[in-house]
Amino acid sequence: VQLQASGGGLVQAGGSLRLSCAASGRTFSSYNVGWFRQAPGKEREFVAAVNWDGGRTSYADSVKDRFTISRQNFKNMVYLEMNSLKPEDTAVYYCGAGINYHTDSPDLSQRTEYDYWGRGTQVTVSS
């Protein structure tokens, strides 16, 4: 699976952006997908995730009620709708994909759940 994140940009605080994660590969619908972000000088952190069929989502507390993750398997696409953006949301955003063959309910907030990563997209929120 190859992934490509896009949709980042510069936005004022309170604004919105929609990130897209485009995937190649016919088995993409089998993969769980997560969004992570990394700000300068900080470790990559979990933002949101969706399981393989879209039936389960999870969010970091810092983005809950502001961000929404969704997927369209027939298009090999995953989206992250980001509303009410804050300066602290500024980071490079990455999407990752992975399959856990050991459990039906993996902890999708863990980086170790993802085997494939795309190049990130920069999100900058000005105050």
# chains A, B, ... in the order shown; residues from 1 in each chain; ligands from 1

$ residues_around --residues "Met82 of chain A" --least-positions-apart "6" --cutoff "6 Å" --atoms "only C-alpha atoms" --output "list in words"
Ser16, Leu17, Arg18 and Phe67 of chain A

$ select_by_dssp --residues "chain A" --states "helix (DSSP H, G or I)" --output "PyMOL selection string"
chain A and resi 28-30+73-75+87-89+111-113

$ closest_residue --among "A:Gly34, A:Gly98, A:Gly14, A:Gly118" --to "Thr68 of chain A" --atoms "only C-alpha atoms"
A:Gly34

$ residues_around --residues "Ile99 of chain A" --least-positions-apart "6" --cutoff "12 Å" --atoms "only C-alpha atoms" --output "list in words"
Val1, Thr27, Phe28, Ser29, Ser30, Tyr31, Asn32, Val33, Gly34, Val50, Asn51, Trp52, Asp53, Ser105, Pro106, Asp107, Leu108, Thr112, Glu113, Tyr114, Asp115 and Tyr116 of chain A

$ residues_around --residues "Cys95 of chain A" --least-positions-apart "3" --cutoff "12 Å" --atoms "only C-alpha atoms" --output "PyMOL selection string"
chain A and resi 1-6+19-23+31-38+44-50+69+77-80+92+98+111+113-121

$ closest_residue --among "A:Ser70, A:Ser62, A:Asn100, A:Ser84" --to "Gly15 of chain A" --atoms "only C-alpha atoms"
A:Ser84

$ select_by_dssp --residues "chain A" --states "strand (DSSP E or B)" --output "short mmCIF file (atom, residue, chain, number, x, y, z; two decimals) with C-alpha atoms, in the first residue's frame"
data_model
loop_
_atom_site.label_atom_id
_atom_site.label_comp_id
_atom_site.auth_asym_id
_atom_site.auth_seq_id
_atom_site.Cartn_x
_atom_site.Cartn_y
_atom_site.Cartn_z
CA GLN A 2 1.27 3.45 -0.90
CA LEU A 3 -0.22 6.49 0.76
CA GLN A 4 -0.26 10.17 -0.12
CA ALA A 5 -1.59 12.84 2.21
CA SER A 6 -2.78 16.18 0.84
CA GLY A 9 -2.29 24.69 4.09
CA LEU A 10 -2.33 27.92 6.04
CA VAL A 11 -5.55 28.82 7.82
CA GLN A 12 -6.57 31.25 10.52
CA LEU A 17 -9.38 22.22 6.39
CA ARG A 18 -10.00 18.79 4.92
CA LEU A 19 -7.07 16.45 4.58
CA SER A 20 -7.13 13.55 2.18
CA CYS A 21 -5.18 10.32 2.24
CA ALA A 22 -5.09 8.58 -1.14
CA ALA A 23 -4.05 4.95 -1.22
CA SER A 24 -2.95 2.61 -3.94
CA ASN A 32 -7.13 0.33 9.30
CA VAL A 33 -6.06 3.94 8.72
CA GLY A 34 -4.83 6.52 11.18
CA TRP A 35 -3.88 10.17 11.09
CA PHE A 36 -0.93 11.30 13.17
CA ARG A 37 0.80 14.65 13.42
CA GLN A 38 4.21 15.92 14.32
CA GLU A 45 1.17 11.90 18.04
CA PHE A 46 -2.11 10.22 17.34
CA VAL A 47 -4.95 12.33 15.95
CA ALA A 48 -7.70 10.05 14.63
CA ALA A 49 -8.26 6.60 13.18
CA VAL A 50 -10.86 4.57 11.36
CA THR A 57 -13.44 5.55 14.78
CA SER A 58 -11.27 6.95 17.54
CA TYR A 59 -9.92 10.40 18.31
CA PHE A 67 -12.16 16.64 13.76
CA THR A 68 -13.98 13.93 11.86
CA ILE A 69 -12.37 10.98 10.10
CA SER A 70 -14.12 9.11 7.33
CA ARG A 71 -13.28 6.78 4.46
CA GLN A 72 -14.56 5.80 1.04
CA MET A 77 -9.60 7.47 0.18
CA VAL A 78 -9.59 8.50 3.84
CA TYR A 79 -10.45 12.03 4.93
CA LEU A 80 -9.86 14.14 8.01
CA GLU A 81 -12.26 17.04 8.33
CA MET A 82 -10.76 19.60 10.72
CA ALA A 91 2.00 20.25 12.49
CA VAL A 92 2.84 17.95 9.64
CA TYR A 93 0.01 15.45 9.29
CA TYR A 94 0.66 11.88 8.21
CA CYS A 95 -1.66 9.03 7.35
CA GLY A 96 -0.75 5.45 8.10
CA ALA A 97 -2.30 2.11 7.17
CA GLY A 98 -2.06 -1.30 8.77
CA TYR A 116 2.71 1.97 5.81
CA TRP A 117 3.08 5.72 5.94
CA ARG A 119 4.55 11.70 3.09
CA THR A 121 1.10 17.46 4.58
CA GLN A 122 1.78 20.69 6.46
CA VAL A 123 -1.03 22.34 8.39
CA THR A 124 -0.34 25.80 9.78
CA VAL A 125 -2.90 27.61 11.91
CA SER A 126 -2.25 31.28 12.56
#

$ atom_distance --atom1 "atom CA of Ala60 of chain A" --atom2 "atom CA of Gln110 of chain A"
11.2 Å

$ atom_distance --atom1 "atom CA of Asn73 of chain A" --atom2 "atom CA of His102 of chain A"
22.3 Å

$ atom_distance --atom1 "atom CA of Thr103 of chain A" --atom2 "atom CA of Gly54 of chain A"
16.3 Å

$ closest_residue --among "A:Asp89, A:Ser109, A:Val63, A:Ser127" --to "Gly8 of chain A" --atoms "only C-alpha atoms"
A:Asp89
